[in-house]
Amino acid sequence: MKRLGIAMALVGGMISGALGSVIAGQARSNDPEPSAKVETSGGQGRDPMPWVMADQERRLRSIEDRVAEKQLADRAREEASRADQGQREAAAKRSGERAPEDPDASRARAYKAWEEQLALHKAEPEDRRWAPSTAVAFSADLRELSADRFELTQTQCRSTSCSAQLRFADYATALENLGTLIHHRYRTNCATETALPPPAVGRENAPYEVTMLYDCTTARAGL
Amino acid sequence: MNQKMRFIGPFLLASIAGAILANPVDASALWVRKHASGCMATSGKALDKDWSIQNDSTTSAMTIVCTFDESDRFNHGDVASVTVNGEDGSSGDEVTARTCHIEQTGTAGGCGALVSTTVSGTGSYSLMPVPDWGSSTSGDYVYTVVELPAKTSSGSRSTLRGVTITD
């Protein structure tokens, strides 16, 4: 569309320039802008037949005006089309980003994020001034919370995060306790996170291990 | 004529660009405000009184869950602040609030750190738990959990008035 507009402008300019050249009887090939040739046509070189010139100049101006109107209209259409296209693309992008995630995608994304958080925790160095005492505090919290629902097998802290391994009788029991584990008010004020991917088929009634992750960045910063 | 065009062209382009820029689709600030009566008490003894939800239990704290009803216009990835309002009626315990998320199938979730009133303080509170919501929780249901202390021996109750969420 833009190329067409430019081409039309060039063609219109060339026609105008050619007409102007014939009428004025002057070569204006040194002017880089074709339409500029038309603009100067009236001011240079007097024709011996002024009544013919006046008529031809009127016609030329009429052509120029129509070409200019066409160029304006083309440009406006082109801009409007571009703006409309941009808005459509932006709307499509927004709706794509904000479309509700389906359960399968949601689960996959949650497990992936969980694995990444766990990897970050494991990669943290241990702060010996903070980690042991905080691990003891989490152990105490989880033992109080267990009430025979799970067995606490391990608690460890690094520099800003802690993790705890809990063993449940089966997957269903672990799922029942997910809310309690993440909402509990622990002695150390940390963010909680866990994921309970379903066990392999046939392992639904087997003991199920849960890893609780505690992000204590805020607590460590004293906030 | 062409000289005029040199000015009309840029003017036209600038007008169109200005019109587009002045008409953004998503520029306005978004917020939602939810009264406590739209939240759910999962423990304690809920009492709807004086335009607030109060804990009428003398023995247990009350946990209240307030959901954030998301839409395509305003979802939890856009949330910048969560503000919880009410009255802390206990001089021996605190009101706490935190944001949480649960994956759609209920097999993963977590909560942000707690924010709380001071233990000894009483009166109006305005707690702002940091939303633990973002791209990693994009498909989750999100909610705010508020815990109100038990009613004091003098009969003073802690309350939740509501939650305001802004982008």
# chains A, B, ... in the order shown; residues from 1 in each chain; ligands from 1

call {"tool": "interface_residues", "arguments": {"of": "chain B", "to": "chain A", "cutoff": "6 Å", "atoms": "only C-alpha atoms", "output": "PyMOL selection string"}}
result
chain B and resi 72+104+107-113+136+139

call {"tool": "residues_around", "arguments": {"residues": "Cys157 (chain A)", "least_positions_apart": "4", "cutoff": "12 Å", "atoms": "only C-alpha atoms", "output": "VMD selection string"}}
result
chain A and resid 121 to 139 161 to 165 188 190 212 to 217

call {"tool": "write_last_selection", "arguments": {"atoms": "C-alpha atoms", "output": "short mmCIF file (atom, residue, chain, number, x, y, z; two decimals), in the first residue's frame"}}
result
data_model
loop_
_atom_site.label_atom_id
_atom_site.label_comp_id
_atom_site.auth_asym_id
_atom_site.auth_seq_id
_atom_site.Cartn_x
_atom_site.Cartn_y
_atom_site.Cartn_z
CA HIS A 121 17.25 -24.07 47.00
CA LYS A 122 19.60 -27.01 46.59
CA ALA A 123 22.19 -24.81 44.92
CA GLU A 124 22.25 -22.31 47.79
CA PRO A 125 25.27 -22.39 50.09
CA GLU A 126 24.57 -23.08 53.74
CA ASP A 127 24.74 -20.20 56.18
CA ARG A 128 25.92 -21.89 59.38
CA ARG A 129 24.80 -18.95 61.52
CA TRP A 130 21.20 -19.22 60.41
CA ALA A 131 20.51 -22.62 58.83
CA PRO A 132 20.78 -25.08 61.77
CA SER A 133 18.60 -23.13 64.20
CA THR A 134 15.99 -22.40 61.54
CA ALA A 135 15.89 -26.06 60.55
CA VAL A 136 15.24 -26.96 64.17
CA ALA A 137 12.37 -24.46 64.28
CA PHE A 138 10.79 -25.94 61.15
CA SER A 139 11.20 -29.45 62.53
CA SER A 161 15.50 -21.10 52.10
CA CYS A 162 14.60 -24.33 53.83
CA SER A 163 13.06 -27.62 52.78
CA ALA A 164 11.36 -30.46 54.60
CA GLN A 165 10.72 -34.04 53.51
CA THR A 188 9.89 -18.59 60.96
CA CYS A 190 8.65 -17.69 55.23
CA MET A 212 7.92 -28.53 51.39
CA LEU A 213 9.94 -25.52 50.36
CA TYR A 214 10.22 -22.37 52.48
CA ASP A 215 11.51 -19.12 51.01
CA CYS A 216 12.74 -17.07 53.96
CA THR A 217 14.25 -14.15 52.04
#

call {"tool": "residues_around", "arguments": {"residues": "Ser60 (chain B)", "least_positions_apart": "3", "cutoff": "12 Å", "atoms": "only C-alpha atoms", "output": "list in words"}}
result
Thr42, Ser43, Gly44, Lys45, Ala46, Asn55, Asp56, Ser57, Thr63, Asp93, Glu147, Leu148, Pro149, Ala150, Lys151, Thr152, Arg157 and Ser158 of chain B

call {"tool": "write_last_selection", "arguments": {"atoms": "C-alpha atoms", "output": "JSON list (two decimals), in the first residue's frame"}}
result
[["chain", "number", "residue", "atom", "x", "y", "z"],
["B", 42, "THR", "CA", -12.99, -21.55, 57.48],
["B", 43, "SER", "CA", -12.54, -21.53, 61.25],
["B", 44, "GLY", "CA", -13.53, -19.49, 64.29],
["B", 45, "LYS", "CA", -17.07, -18.17, 64.64],
["B", 46, "ALA", "CA", -18.07, -15.63, 61.99],
["B", 55, "ASN", "CA", -14.54, -13.43, 65.06],
["B", 56, "ASP", "CA", -17.00, -14.23, 67.82],
["B", 57, "SER", "CA", -15.08, -17.26, 69.07],
["B", 63, "THR", "CA", -9.21, -17.91, 59.17],
["B", 93, "ASP", "CA", -2.53, -11.31, 69.60],
["B", 147, "GLU", "CA", -6.43, -14.62, 60.37],
["B", 148, "LEU", "CA", -8.31, -12.82, 63.16],
["B", 149, "PRO", "CA", -7.48, -13.45, 66.83],
["B", 150, "ALA", "CA", -10.09, -14.93, 69.15],
["B", 151, "LYS", "CA", -12.51, -12.58, 70.93],
["B", 152, "THR", "CA", -10.93, -11.23, 74.09],
["B", 157, "ARG", "CA", -13.61, -8.72, 68.59],
["B", 158, "SER", "CA", -11.23, -8.45, 65.68]]

call {"tool": "residues_around", "arguments": {"residues": "Asp50 (chain B)", "least_positions_apart": "6", "cutoff": "12 Å", "atoms": "only C-alpha atoms", "output": "list in words"}}
result
Ala36, Ser37, Gly86, Glu87, Arg157, Ser158, Thr159, Leu160 and Arg161 of chain B

call {"tool": "atom_distance", "arguments": {"atom1": "CA of Gly202 (chain A)", "atom2": "CA of Gln117 (chain A)"}}
result
28.4 Å

call {"tool": "residues_around", "arguments": {"residues": "Val115 (chain B)", "least_positions_apart": "3", "cutoff": "10 Å", "atoms": "only C-alpha atoms", "output": "CSV table (one decimal) with C-alpha atoms, in the first residue's frame"}}
result
chain,number,residue,atom,x,y,z
A,189,ASN,CA,7.9,-16.3,58.7
A,223,LEU,CA,11.2,-7.3,57.1
B,94,GLU,CA,-2.2,-10.1,66.0
B,95,VAL,CA,-4.1,-10.0,62.8
B,96,THR,CA,-2.2,-11.6,60.0
B,97,ALA,CA,-2.6,-11.7,56.2
B,98,ARG,CA,-0.9,-13.4,53.3
B,99,THR,CA,-1.5,-14.1,49.7
B,112,GLY,CA,3.7,-15.6,50.5
B,118,THR,CA,1.6,-5.6,66.3
B,127,LEU,CA,-2.2,-4.8,56.1
B,128,MET,CA,-0.4,-5.1,52.7
B,129,PRO,CA,0.8,-8.7,52.1
B,130,VAL,CA,3.1,-8.9,49.1
B,146,VAL,CA,-6.6,-13.4,56.8

call {"tool": "closest_residue", "arguments": {"among": "B:Tyr125, B:Asn75, B:Ser90, B:Thr105", "to": "Ala61 (chain B)", "atoms": "only C-alpha atoms"}}
result
B:Ser90

call {"tool": "atom_distance", "arguments": {"atom1": "CA of Thr83 (chain B)", "atom2": "CA of Thr59 (chain B)"}}
result
27.0 Å

call {"tool": "closest_residue", "arguments": {"among": "A:Ala221, A:Leu166, A:Ala172, A:Leu120", "to": "Glu209 (chain A)", "atoms": "only C-alpha atoms"}}
result
A:Leu166

call {"tool": "select_by_dssp", "arguments": {"residues": "chain B", "states": "strand (DSSP E or B)", "output": "VMD selection string"}}
result
chain B and resid 31 to 35 40 to 41 46 to 49 52 to 55 62 to 67 81 to 88 96 to 102 108 to 111 115 to 116 123 to 127 141 to 148 159 to 166

call {"tool": "select_by_dssp", "arguments": {"residues": "chain B", "states": "helix (DSSP H, G or I)", "output": "MDAnalysis selection string"}}
result
chainID B and resid 2:21 36:38 76:78 135:137

call {"tool": "atom_distance", "arguments": {"atom1": "CA of Thr160 (chain A)", "atom2": "CA of Ser135 (chain B)"}}
result
21.6 Å
